[in-house]
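Printed here is final19.pdb (PDB, C-alpha atoms):
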```
ATOM      1  CA  MET A   1      16.153  10.435   8.663
ATOM      2  CA  ASN A   2      17.196   6.817   8.259
ATOM      3  CA  ALA A   3      18.462   5.161  11.425
ATOM      4  CA  PRO A   4      22.132   4.149  11.246
ATOM      5  CA  LYS A   5      22.806   0.451  10.854
ATOM      6  CA  PRO A   6      25.941  -1.671  10.979
ATOM      7  CA  PHE A   7      27.231  -2.665   7.544
ATOM      8  CA  LYS A   8      30.070  -4.433   5.810
ATOM      9  CA  ALA A   9      31.578  -3.208   2.572
ATOM     10  CA  LYS A  10      34.383  -4.207   0.249
ATOM     11  CA  PHE A  11      37.216  -1.918  -0.793
ATOM     12  CA  GLU A  12      36.897  -1.625  -4.541
ATOM     13  CA  GLU A  13      38.850   1.287  -5.960
ATOM     14  CA  LYS A  14      41.220   4.058  -4.958
ATOM     15  CA  ILE A  15      41.814   7.275  -6.832
ATOM     16  CA  VAL A  16      44.870   9.190  -5.669
ATOM     17  CA  HIS A  17      44.161  12.822  -6.438
ATOM     18  CA  ASN A  18      47.434  14.145  -5.088
ATOM     19  CA  ALA A  19      49.841  13.639  -2.211
ATOM     20  CA  ARG A  20      47.198  14.679   0.310
ATOM     21  CA  TYR A  21      43.764  13.633  -0.953
ATOM     22  CA  SER A  22      42.504  10.268  -2.166
ATOM     23  CA  GLU A  23      39.115   8.897  -3.034
ATOM     24  CA  TYR A  24      38.127   5.435  -1.781
ATOM     25  CA  HIS A  25      35.283   3.466  -3.344
ATOM     26  CA  PHE A  26      33.465   0.667  -1.535
ATOM     27  CA  GLU A  27      30.861  -1.867  -2.583
ATOM     28  CA  MET A  28      28.227  -2.815  -0.043
ATOM     29  CA  ILE A  29      28.234  -6.447   1.109
ATOM     30  CA  ARG A  30      25.715  -6.621   3.944
ATOM     31  CA  PRO A  31      23.198  -5.157   3.618
ATOM     32  CA  HIS A  32      23.446  -4.782  -0.147
ATOM     33  CA  GLU A  33      22.521  -1.128  -0.118
ATOM     34  CA  LEU A  34      23.333   1.950   1.936
ATOM     35  CA  ASP A  35      20.229   4.091   2.078
ATOM     36  CA  PHE A  36      21.527   7.581   2.755
ATOM     37  CA  ARG A  37      20.837  11.223   1.983
ATOM     38  CA  SER A  38      23.424  13.408   0.342
ATOM     39  CA  GLY A  39      25.510  15.195   2.971
ATOM     40  CA  GLN A  40      25.436  12.363   5.509
ATOM     41  CA  TYR A  41      28.416  10.486   6.890
ATOM     42  CA  ILE A  42      29.397   7.039   8.113
ATOM     43  CA  SER A  43      31.546   5.803  10.966
ATOM     44  CA  LEU A  44      34.209   3.244  10.018
ATOM     45  CA  LEU A  45      35.874   0.846  12.416
ATOM     46  CA  VAL A  46      39.548   1.624  11.831
ATOM     47  CA  ASP A  47      41.108  -0.374  14.667
ATOM     48  CA  SER A  48      39.283  -3.520  15.690
ATOM     49  CA  THR A  49      41.653  -4.086  18.622
ATOM     50  CA  THR A  50      40.859  -0.829  20.361
ATOM     51  CA  GLY A  51      37.454  -0.189  18.782
ATOM     52  CA  GLN A  52      38.550   3.142  17.346
ATOM     53  CA  ARG A  53      36.279   4.605  14.703
ATOM     54  CA  ARG A  54      36.521   7.528  12.332
ATOM     55  CA  SER A  55      33.739   9.449  10.665
ATOM     56  CA  TYR A  56      33.796  10.204   6.961
ATOM     57  CA  SER A  57      31.330  12.140   4.839
ATOM     58  CA  LEU A  58      30.004  10.340   1.807
ATOM     59  CA  CYS A  59      31.038  12.139  -1.373
ATOM     60  CA  SER A  60      28.982   9.993  -3.751
ATOM     61  CA  THR A  61      25.274  10.410  -4.452
ATOM     62  CA  PRO A  62      22.505   8.343  -2.873
ATOM     63  CA  ALA A  63      21.525   7.194  -6.361
ATOM     64  CA  ALA A  64      24.310   4.602  -6.242
ATOM     65  CA  GLN A  65      23.084   2.755  -3.162
ATOM     66  CA  HIS A  66      25.084  -0.402  -3.881
ATOM     67  CA  GLY A  67      28.245   1.395  -2.863
ATOM     68  CA  PHE A  68      29.713   4.605  -1.570
ATOM     69  CA  GLU A  69      32.716   6.841  -1.997
ATOM     70  CA  LEU A  70      34.818   8.615   0.604
ATOM     71  CA  LEU A  71      37.257  11.469   0.244
ATOM     72  CA  ILE A  72      40.205  11.040   2.568
ATOM     73  CA  ASP A  73      42.577  13.755   3.688
ATOM     74  CA  HIS A  74      45.792  11.916   4.518
ATOM     75  CA  ALA A  75      47.482  14.966   5.993
ATOM     76  CA  PRO A  76      46.567  14.210   9.618
ATOM     77  CA  ALA A  77      48.202  10.772   9.129
ATOM     78  CA  GLY A  78      46.120   9.435  11.989
ATOM     79  CA  VAL A  79      44.740   5.992  12.685
ATOM     80  CA  GLY A  80      41.954   6.365  10.113
ATOM     81  CA  SER A  81      44.274   7.455   7.351
ATOM     82  CA  GLN A  82      46.702   4.646   8.152
ATOM     83  CA  PHE A  83      43.915   2.069   8.149
ATOM     84  CA  LEU A  84      42.580   3.169   4.781
ATOM     85  CA  SER A  85      46.069   3.371   3.274
ATOM     86  CA  SER A  86      46.702  -0.217   4.333
ATOM     87  CA  LEU A  87      43.605  -1.604   2.633
ATOM     88  CA  GLN A  88      44.058  -4.062  -0.214
ATOM     89  CA  PHE A  89      41.453  -4.360  -2.959
ATOM     90  CA  GLY A  90      38.753  -6.742  -1.795
ATOM     91  CA  ASP A  91      39.344  -6.115   1.905
ATOM     92  CA  GLU A  92      36.217  -5.820   4.024
ATOM     93  CA  VAL A  93      35.480  -2.858   6.255
ATOM     94  CA  GLN A  94      32.892  -2.524   9.004
ATOM     95  CA  GLY A  95      30.904   0.616   9.506
ATOM     96  CA  ILE A  96      27.756   2.106  10.877
ATOM     97  CA  GLY A  97      25.600   4.627   9.097
ATOM     98  CA  PRO A  98      24.262   6.709   7.634
ATOM     99  CA  MET A  99      24.358   9.522  10.162
ATOM    100  CA  GLY A 100      24.095  13.270  10.252
ATOM    101  CA  HIS A 101      21.560  16.035   9.730
ATOM    102  CA  PHE A 102      23.624  18.002   7.224
ATOM    103  CA  VAL A 103      21.296  17.249   4.327
ATOM    104  CA  LEU A 104      19.465  19.222   1.677
ATOM    105  CA  SER A 105      16.669  21.238   3.212
ATOM    106  CA  GLU A 106      13.056  21.072   2.135
ATOM    107  CA  GLN A 107      12.817  24.847   2.577
ATOM    108  CA  PRO A 108      11.759  26.704  -0.585
ATOM    109  CA  GLU A 109      15.069  28.522  -1.054
ATOM    110  CA  GLN A 110      15.502  29.744  -4.600
ATOM    111  CA  VAL A 111      19.284  29.972  -4.572
ATOM    112  CA  LEU A 112      21.685  27.440  -3.077
ATOM    113  CA  VAL A 113      25.163  28.451  -1.980
ATOM    114  CA  PHE A 114      27.733  25.830  -1.020
ATOM    115  CA  VAL A 115      30.834  26.863   0.892
ATOM    116  CA  GLY A 116      33.589  24.395   1.716
ATOM    117  CA  THR A 117      37.245  24.271   2.582
ATOM    118  CA  GLY A 118      39.624  21.344   2.219
ATOM    119  CA  SER A 119      37.940  17.978   2.541
ATOM    120  CA  GLY A 120      34.749  19.821   3.480
ATOM    121  CA  ILE A 121      34.024  19.559  -0.235
ATOM    122  CA  ALA A 122      33.046  15.876   0.253
ATOM    123  CA  PRO A 123      29.436  16.225   1.458
ATOM    124  CA  LEU A 124      28.961  19.297  -0.747
ATOM    125  CA  ARG A 125      29.911  17.278  -3.835
ATOM    126  CA  SER A 126      27.362  14.630  -2.838
ATOM    127  CA  MET A 127      24.668  17.270  -2.451
ATOM    128  CA  ILE A 128      25.515  19.118  -5.671
ATOM    129  CA  LEU A 129      25.631  15.948  -7.783
ATOM    130  CA  ASP A 130      22.395  14.824  -6.145
ATOM    131  CA  LEU A 131      20.750  18.129  -7.033
ATOM    132  CA  ILE A 132      22.070  18.314 -10.569
ATOM    133  CA  GLN A 133      22.304  14.730 -11.770
ATOM    134  CA  VAL A 134      19.548  13.025  -9.810
ATOM    135  CA  ARG A 135      16.968  15.687  -9.013
ATOM    136  CA  GLN A 136      17.751  17.832 -12.078
ATOM    137  CA  ASP A 137      17.230  20.865  -9.888
ATOM    138  CA  ALA A 138      17.041  24.074 -11.931
ATOM    139  CA  ARG A 139      17.738  26.450  -9.049
ATOM    140  CA  ASP A 140      20.830  28.621  -9.056
ATOM    141  CA  ILE A 141      23.682  26.690  -7.413
ATOM    142  CA  THR A 142      27.023  28.249  -6.487
ATOM    143  CA  LEU A 143      30.019  26.441  -5.026
ATOM    144  CA  TYR A 144      32.861  28.229  -3.226
ATOM    145  CA  TRP A 145      35.754  25.904  -2.453
ATOM    146  CA  GLY A 146      38.772  27.057  -0.526
ATOM    147  CA  MET A 147      42.127  25.310  -0.507
ATOM    148  CA  ARG A 148      45.521  26.337   0.786
ATOM    149  CA  HIS A 149      47.658  25.180  -2.148
ATOM    150  CA  VAL A 150      46.916  24.820  -5.855
ATOM    151  CA  GLU A 151      48.458  21.359  -6.005
ATOM    152  CA  GLU A 152      45.920  20.117  -3.429
ATOM    153  CA  LEU A 153      42.957  20.805  -5.712
ATOM    154  CA  PHE A 154      41.097  18.018  -7.518
ATOM    155  CA  TRP A 155      37.678  17.487  -9.159
ATOM    156  CA  LEU A 156      38.318  20.795 -10.946
ATOM    157  CA  ASP A 157      37.539  19.349 -14.374
ATOM    158  CA  ASP A 158      34.369  17.719 -13.054
ATOM    159  CA  PHE A 159      33.045  20.955 -11.604
ATOM    160  CA  GLN A 160      34.179  22.925 -14.646
ATOM    161  CA  ASP A 161      32.294  20.493 -16.894
ATOM    162  CA  LEU A 162      29.157  21.204 -14.893
ATOM    163  CA  VAL A 163      29.714  24.954 -15.287
ATOM    164  CA  GLU A 164      29.960  24.554 -19.059
ATOM    165  CA  LYS A 165      26.921  22.307 -19.326
ATOM    166  CA  LEU A 166      24.612  23.993 -16.843
ATOM    167  CA  PRO A 167      23.772  27.708 -16.819
ATOM    168  CA  ASN A 168      22.562  27.456 -13.203
ATOM    169  CA  PHE A 169      25.846  26.121 -11.755
ATOM    170  CA  HIS A 170      28.687  28.431 -10.741
ATOM    171  CA  PHE A 171      32.034  27.405  -9.319
ATOM    172  CA  TYR A 172      34.658  29.503  -7.532
ATOM    173  CA  PRO A 173      37.798  27.752  -6.340
ATOM    174  CA  VAL A 174      39.907  29.993  -4.128
ATOM    175  CA  ILE A 175      43.506  29.464  -3.046
ATOM    176  CA  SER A 176      44.918  31.083   0.084
ATOM    177  CA  ARG A 177      48.593  30.444  -0.676
ATOM    178  CA  PRO A 178      48.843  30.621  -4.455
ATOM    179  CA  THR A 179      51.912  29.920  -6.504
ATOM    180  CA  ASN A 180      52.806  31.477  -9.813
ATOM    181  CA  GLY A 181      50.388  30.511 -12.530
ATOM    182  CA  TRP A 182      47.197  30.485 -10.456
ATOM    183  CA  SER A 183      44.950  32.902 -12.320
ATOM    184  CA  LEU A 184      41.706  32.470 -10.399
ATOM    185  CA  SER A 185      40.673  33.753  -6.967
ATOM    186  CA  THR A 186      43.174  34.068  -4.158
ATOM    187  CA  GLY A 187      42.369  34.482  -0.481
ATOM    188  CA  HIS A 188      39.654  32.738   1.496
ATOM    189  CA  VAL A 189      36.088  31.734   0.770
ATOM    190  CA  ILE A 190      34.855  34.502   3.032
ATOM    191  CA  ASP A 191      36.593  37.074   0.805
ATOM    192  CA  LEU A 192      34.464  35.934  -2.124
ATOM    193  CA  LEU A 193      31.305  35.927  -0.039
ATOM    194  CA  LEU A 194      32.116  39.488   0.994
ATOM    195  CA  ALA A 195      32.748  40.577  -2.582
ATOM    196  CA  HIS A 196      29.834  38.806  -4.256
ATOM    197  CA  LYS A 197      26.238  39.931  -4.118
ATOM    198  CA  LEU A 198      24.280  37.282  -2.264
ATOM    199  CA  GLN A 199      20.635  36.751  -3.135
ATOM    200  CA  LYS A 200      18.194  37.272  -0.273
ATOM    201  CA  ASN A 201      16.370  33.989  -0.805
ATOM    202  CA  SER A 202      19.504  31.857  -0.532
ATOM    203  CA  GLY A 203      20.170  28.737   1.496
ATOM    204  CA  PHE A 204      23.776  28.219   2.616
ATOM    205  CA  TYR A 205      25.491  24.871   3.099
ATOM    206  CA  ILE A 206      28.864  25.213   4.784
ATOM    207  CA  CYS A 207      31.401  22.506   5.600
ATOM    208  CA  GLY A 208      34.929  22.679   6.959
ATOM    209  CA  SER A 209      36.666  23.842  10.092
ATOM    210  CA  SER A 210      34.760  25.367  13.011
ATOM    211  CA  ALA A 211      36.677  28.622  12.596
ATOM    212  CA  MET A 212      35.709  28.989   8.946
ATOM    213  CA  ILE A 213      32.083  28.104   9.618
ATOM    214  CA  ASN A 214      31.863  30.578  12.495
ATOM    215  CA  ASP A 215      33.372  33.331  10.327
ATOM    216  CA  VAL A 216      31.023  32.641   7.422
ATOM    217  CA  GLN A 217      28.009  32.473   9.732
ATOM    218  CA  LYS A 218      28.963  35.801  11.289
ATOM    219  CA  LEU A 219      29.270  37.381   7.859
ATOM    220  CA  LEU A 220      25.928  35.983   6.736
ATOM    221  CA  PHE A 221      24.226  37.272   9.890
ATOM    222  CA  GLU A 222      25.744  40.697   9.208
ATOM    223  CA  LYS A 223      24.368  40.524   5.685
ATOM    224  CA  GLY A 224      20.895  39.902   7.095
ATOM    225  CA  PHE A 225      20.528  36.151   6.676
ATOM    226  CA  ASN A 226      19.065  34.214   9.570
ATOM    227  CA  LYS A 227      20.128  30.886  11.004
ATOM    228  CA  ASP A 228      17.191  29.071   9.442
ATOM    229  CA  SER A 229      18.799  29.394   6.026
ATOM    230  CA  ILE A 230      22.287  28.321   7.143
ATOM    231  CA  TYR A 231      23.189  24.626   7.351
ATOM    232  CA  TYR A 232      26.630  23.455   8.365
ATOM    233  CA  GLU A 233      28.824  20.505   9.260
ATOM    234  CA  LYS A 234      31.923  21.049  11.341
ATOM    235  CA  PHE A 235      34.869  18.783  10.563
ATOM    236  CA  SER A 236      36.906  19.914  13.555
TER     237      SER A 236
ATOM    238  CA  MET B   1      12.560   8.215  43.743
ATOM    239  CA  PRO B   2      15.991   8.001  42.079
ATOM    240  CA  THR B   3      16.206   5.640  39.137
ATOM    241  CA  LYS B   4      18.599   2.737  39.332
ATOM    242  CA  GLN B   5      21.264   2.556  36.654
ATOM    243  CA  ILE B   6      20.783  -0.691  34.765
ATOM    244  CA  GLY B   7      24.128  -1.044  32.928
ATOM    245  CA  LYS B   8      27.582  -0.537  34.313
ATOM    246  CA  TYR B   9      28.639   2.178  31.835
ATOM    247  CA  GLN B  10      28.097   5.812  32.699
ATOM    248  CA  VAL B  11      28.484   8.350  29.920
ATOM    249  CA  SER B  12      29.145  12.075  29.922
ATOM    250  CA  VAL B  13      29.777  14.720  27.282
ATOM    251  CA  ILE B  14      32.624  17.215  27.104
ATOM    252  CA  ASN B  15      30.657  20.187  25.785
ATOM    253  CA  GLU B  16      33.695  22.037  24.474
ATOM    254  CA  LYS B  17      34.593  19.112  22.233
ATOM    255  CA  CYS B  18      31.116  18.553  20.770
ATOM    256  CA  ILE B  19      30.774  19.684  17.139
ATOM    257  CA  SER B  20      27.089  18.740  16.833
ATOM    258  CA  ALA B  21      27.763  15.787  14.534
ATOM    259  CA  GLY B  22      24.938  13.939  16.256
ATOM    260  CA  SER B  23      26.383  10.440  15.918
ATOM    261  CA  CYS B  24      25.734   9.755  19.619
ATOM    262  CA  VAL B  25      22.080  10.676  19.162
ATOM    263  CA  ALA B  26      21.796   8.643  15.970
ATOM    264  CA  ILE B  27      23.190   5.523  17.641
ATOM    265  CA  ALA B  28      21.978   5.886  21.224
ATOM    266  CA  GLY B  29      18.964   8.152  20.990
ATOM    267  CA  GLY B  30      17.675   6.873  24.314
ATOM    268  CA  VAL B  31      20.704   8.252  26.122
ATOM    269  CA  PHE B  32      21.662  11.380  24.197
ATOM    270  CA  GLU B  33      19.960  14.358  22.655
ATOM    271  CA  LEU B  34      21.175  17.624  21.165
ATOM    272  CA  ASP B  35      20.264  20.760  23.070
ATOM    273  CA  GLU B  36      19.080  24.029  21.535
ATOM    274  CA  GLU B  37      22.669  24.905  20.644
ATOM    275  CA  GLY B  38      23.247  21.543  19.013
ATOM    276  CA  ILE B  39      25.445  20.285  21.833
ATOM    277  CA  ALA B  40      24.987  16.687  22.941
ATOM    278  CA  ARG B  41      23.719  16.009  26.438
ATOM    279  CA  VAL B  42      22.773  12.929  28.422
ATOM    280  CA  ILE B  43      19.065  12.544  29.041
ATOM    281  CA  ASP B  44      18.928   9.014  30.432
ATOM    282  CA  GLN B  45      21.804   6.730  31.427
ATOM    283  CA  ASN B  46      19.427   3.792  31.029
ATOM    284  CA  GLY B  47      18.119   4.789  27.609
ATOM    285  CA  ASN B  48      20.260   2.209  25.795
ATOM    286  CA  ASP B  49      22.369  -0.790  26.745
ATOM    287  CA  ASP B  50      26.081  -0.580  27.512
ATOM    288  CA  GLU B  51      27.165  -1.877  24.131
ATOM    289  CA  THR B  52      25.165   0.797  22.342
ATOM    290  CA  LYS B  53      26.438   3.515  24.670
ATOM    291  CA  LEU B  54      30.023   2.484  23.972
ATOM    292  CA  LEU B  55      29.408   2.381  20.217
ATOM    293  CA  ALA B  56      27.918   5.866  20.384
ATOM    294  CA  ALA B  57      31.003   7.115  22.213
ATOM    295  CA  GLN B  58      33.367   5.403  19.777
ATOM    296  CA  SER B  59      31.525   6.965  16.852
ATOM    297  CA  CYS B  60      31.928  10.513  18.103
ATOM    298  CA  PRO B  61      34.320  12.242  15.650
ATOM    299  CA  THR B  62      35.896  14.352  18.389
ATOM    300  CA  ALA B  63      35.880  11.847  21.265
ATOM    301  CA  ALA B  64      33.554  14.133  23.191
ATOM    302  CA  VAL B  65      31.756  11.277  24.911
ATOM    303  CA  ILE B  66      33.412   9.696  27.936
ATOM    304  CA  VAL B  67      32.451   6.238  29.165
ATOM    305  CA  ILE B  68      33.188   5.183  32.726
ATOM    306  CA  ASP B  69      32.775   1.629  33.973
ATOM    307  CA  THR B  70      31.049   2.202  37.304
ATOM    308  CA  ALA B  71      31.982  -1.280  38.449
ATOM    309  CA  THR B  72      35.703  -0.511  38.291
ATOM    310  CA  GLY B  73      35.685   3.277  38.211
ATOM    311  CA  LYS B  74      37.898   3.175  35.142
ATOM    312  CA  GLN B  75      37.465   5.113  31.928
ATOM    313  CA  VAL B  76      36.525   2.766  29.117
ATOM    314  CA  TRP B  77      36.431   5.375  26.359
ATOM    315  CA  PRO B  78      38.374   7.199  25.054
ATOM    316  CA  ILE B  79      41.220   4.815  25.822
ATOM    317  CA  GLU B  80      43.680   6.574  28.114
TER     318      GLU B  80
END
```
Target encoding structure tokens, full file:
Amino acid sequence: MNAPKPFKAKFEEKIVHNARYSEYHFEMIRPHELDFRSGQYISLLVDSTTGQRRSYSLCSTPAAQHGFELLIDHAPAGVGSQFLSSLQFGDEVQGIGPMGHFVLSEQPEQVLVFVGTGSGIAPLRSMILDLIQVRQDARDITLYWGMRHVEELFWLDDFQDLVEKLPNFHFYPVISRPTNGWSLSTGHVIDLLLAHKLQKNSGFYICGSSAMINDVQKLLFEKGFNKDSIYYEKFS
Amino acid sequence: MPTKQIGKYQVSVINEKCISAGSCVAIAGGVFELDEEGIARVIDQNGNDDETKLLAAQSCPTAAVIVIDTATGKQVWPIE
């Protein structure tokens, strides 16, 4: 694993997905590249007066080392969210990274299952795009993504495009509080994991709240999977 | 023979807050390690300098690392 290093980057682009989630793109300044593995995160200095930092998973792939992308959940409206919202294009940010052990395993798992809720999709997107676009991995890949409200979803077209182009990629968005017109799965990611047949030789990558991760782990243990095939990153 | 603390910062981990992110270990691997359960623990107060220890604490996503200035007895991080 690469040791984390201090870096400076320039705010380059912002994509507002909806009222809650935005994507922030940065270009590396010093050093010129961020050498990371998909699934890792960085720590950004969000208040230079107090030294407060916030950690954000990288949602872009390591192939684009000259820059990186972050998915920000503005709902907490905390110091990190406020700092990022205040950025003007061209502003410099200071960070340290990459960090984290939530990365693709070298284990010979034949099926990969990704389970995320909310902004937990960020590192999973990095991993999935890394697998599909960079490594051209032919293994069966399934993504379960849970959200509370339909209007909070994004990247749907991107994932749907992958489903249409790749026979080995499967995508199941699930909404816990659906409104009229939502025709896909309702409930929680664990409901789908309960209902679907899970292959024995699967590796599971889970990201989101501690409660969700604990529930999914418990279910997987009950289904006979062991901890060696379960990788997770807790966001809270 | 007890070892003498070199820096003035003393760190500790609130186990209940640790989510195994590992940022403390990544930044100050001489001071912290993750135990068998993935919870951070202090292995050597002198494993890194004070600046690095503070940076490791500031990088913890859940503010699980506490830094005390032994010279003043005051908590340096998280800011109270």
*asked:* One decimal, in Å: what's the spacing between CA of Cys207 (chain A) and CA of Val13 (chain B)?
replied: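 Result for CA of Cys207 (chain A) versus CA of Val13 (chain B): 23.1 Å, one decimal.
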_Give me, as a PyMOL selection string, all polymer residues having an atom no more than 8 Å from region 63-76 of chain A, counting all atoms listed in the file and skipping those fewer than 5 positions away in the same chain._
chain A and resi 9+20-28+32-36+56-58+81+119+122+130+134
_Two-atom distance - CA of Thr50 (chain A), CA of Gln94 (chain A) (Å)_ =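 According to the coordinates, CA of Thr50 (chain A) and CA of Gln94 (chain A) are separated by 14.0 Å.
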_One decimal, in Å: what's the spacing between CA of Ile121 (chain A) and CA of Tyr231 (chain A)?_
14.2 Å
*Could you pull the residues within 12 Å of Gly187 (chain A), counting all atoms listed in the file, minus those fewer than 2 positions along the same chain, as a PyMOL selection string?*
chain A and resi 117+144-150+172-178+182+184-185+189-195
Evaluate the ChimeraX specification (/A :<7) & /B on the structure here and hand back the selected residues as a short mmCIF file (atom, residue, chain, number, x, y, z; two decimals) with C-alpha atoms, in the coordinates of the input.
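Output file result06.cif follows:
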```cif
data_model
loop_
_atom_site.label_atom_id
_atom_site.label_comp_id
_atom_site.auth_asym_id
_atom_site.auth_seq_id
_atom_site.Cartn_x
_atom_site.Cartn_y
_atom_site.Cartn_z
CA ILE B 19 30.77 19.68 17.14
CA ALA B 21 27.76 15.79 14.53
CA GLY B 22 24.94 13.94 16.26
CA SER B 23 26.38 10.44 15.92
CA ALA B 26 21.80 8.64 15.97
CA ILE B 27 23.19 5.52 17.64
CA GLN B 58 33.37 5.40 19.78
CA SER B 59 31.52 6.96 16.85
CA PRO B 61 34.32 12.24 15.65
#
```
*Nearest to Lys53 (chain B): which of B:Gln75, B:Gly29, B:Leu34, B:Cys18 is it, counting all atoms listed in the file?*
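Of B:Gln75, B:Gly29, B:Leu34, B:Cys18, the one nearest Lys53 (chain B), counting all atoms listed in the file, is B:Gly29.
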Where's the centre, and what are the edge lengths in Å to one decimal, of a box along x, y and z enclosing all listed atoms of region 62-71 of chain B padded 5 Å per side, as JSON?
```
{"center_x": 33.5, "center_y": 6.5, "center_z": 28.4, "size_x": 14.8, "size_y": 25.6, "size_z": 30.1}
```
_Shell around Ala71 (chain B) at 12 Å using all atoms listed in the file, local window under 5 positions removed, as a ChimeraX atom specification_ = /B:5-10,76
For the residues in the current selection, export C-alpha atoms as a PDB file, keeping the file's coordinate frame.
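Result written to result-v1.pdb:
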```
ATOM      1  CA  GLN B   5      21.264   2.556  36.654  1.00  0.00           C
ATOM      2  CA  ILE B   6      20.783  -0.691  34.765  1.00  0.00           C
ATOM      3  CA  GLY B   7      24.128  -1.044  32.928  1.00  0.00           C
ATOM      4  CA  LYS B   8      27.582  -0.537  34.313  1.00  0.00           C
ATOM      5  CA  TYR B   9      28.639   2.178  31.835  1.00  0.00           C
ATOM      6  CA  GLN B  10      28.097   5.812  32.699  1.00  0.00           C
ATOM      7  CA  VAL B  76      36.525   2.766  29.117  1.00  0.00           C
TER       8      VAL B  76
END
```
_Using the chain letters and numbers from this file, what does the PyMOL selection byres ((chain B and resi 47) around 10) select? Give the answer as a PyMOL selection string._
chain B and resi 5-7+28-32+42-46+48-50+52-53
*Which one is closest to Gly90 (chain A): A:Phe114, A:Phe11, A:Phe169, A:Trp155? Count only C-alpha atoms.*
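The answer is A:Phe11, which sits nearest to Gly90 (chain A).
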Sel. within 12 Å of pt (18.1, 40.5, 5.1), counting all atoms listed in the file, output as an mmCIF file with C-alpha atoms, keeping the file's coordinate frame:
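What ended up in out.cif:
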```cif
data_model
loop_
_atom_site.group_PDB
_atom_site.id
_atom_site.type_symbol
_atom_site.label_atom_id
_atom_site.label_comp_id
_atom_site.auth_asym_id
_atom_site.auth_seq_id
_atom_site.Cartn_x
_atom_site.Cartn_y
_atom_site.Cartn_z
ATOM 1 C CA LEU A 198 24.280 37.282 -2.264
ATOM 2 C CA GLN A 199 20.635 36.751 -3.135
ATOM 3 C CA LYS A 200 18.194 37.272 -0.273
ATOM 4 C CA ASN A 201 16.370 33.989 -0.805
ATOM 5 C CA SER A 202 19.504 31.857 -0.532
ATOM 6 C CA LEU A 219 29.270 37.381 7.859
ATOM 7 C CA LEU A 220 25.928 35.983 6.736
ATOM 8 C CA PHE A 221 24.226 37.272 9.890
ATOM 9 C CA GLU A 222 25.744 40.697 9.208
ATOM 10 C CA LYS A 223 24.368 40.524 5.685
ATOM 11 C CA GLY A 224 20.895 39.902 7.095
ATOM 12 C CA PHE A 225 20.528 36.151 6.676
ATOM 13 C CA ASN A 226 19.065 34.214 9.570
ATOM 14 C CA LYS A 227 20.128 30.886 11.004
ATOM 15 C CA SER A 229 18.799 29.394 6.026
#
```
_Contact residues around Lys74 (chain B) with only C-alpha atoms at 12 Å, ignoring same-chain residues under 5 positions, as a list in words_ =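 Residues near the query, excluding close chain neighbours: Lys8, Tyr9, Gln10, Val11, Ile66, Val67, Ile68, Asp69, Ile79 and Glu80 of chain B.
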Please produce a file of the residues just selected, as a short mmCIF file (atom, residue, chain, number, x, y, z; two decimals), in the coordinates of the input, where the atoms kept are C-alpha atoms.
```
data_model
loop_
_atom_site.label_atom_id
_atom_site.label_comp_id
_atom_site.auth_asym_id
_atom_site.auth_seq_id
_atom_site.Cartn_x
_atom_site.Cartn_y
_atom_site.Cartn_z
CA LYS B 8 27.58 -0.54 34.31
CA TYR B 9 28.64 2.18 31.84
CA GLN B 10 28.10 5.81 32.70
CA VAL B 11 28.48 8.35 29.92
CA ILE B 66 33.41 9.70 27.94
CA VAL B 67 32.45 6.24 29.16
CA ILE B 68 33.19 5.18 32.73
CA ASP B 69 32.78 1.63 33.97
CA ILE B 79 41.22 4.82 25.82
CA GLU B 80 43.68 6.57 28.11
#
```
*Among the residues A:Gln160, A:Phe204, A:Glu151, A:Phe171, the one that comes closest to Asn18 (chain A) [using only C-alpha atoms]*: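 Distance minimum relative to Asn18 (chain A) lands on A:Glu151.
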*Closest to Ala64 (chain B) among B:Ala40, B:Val25, B:Glu33, B:Glu51, using all atoms listed in the file?*
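For Ala64 (chain B), the nearest of the candidates is B:Ala40.
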*Check the smallest atom-to-atom distance from each of A:Glu164, A:Ser105, A:Lys10, A:Asn180 to Leu87 (chain A) using only C-alpha atoms, then report the winner.*
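Ranking A:Glu164, A:Ser105, A:Lys10, A:Asn180 by distance to Leu87 (chain A), first place goes to A:Lys10.
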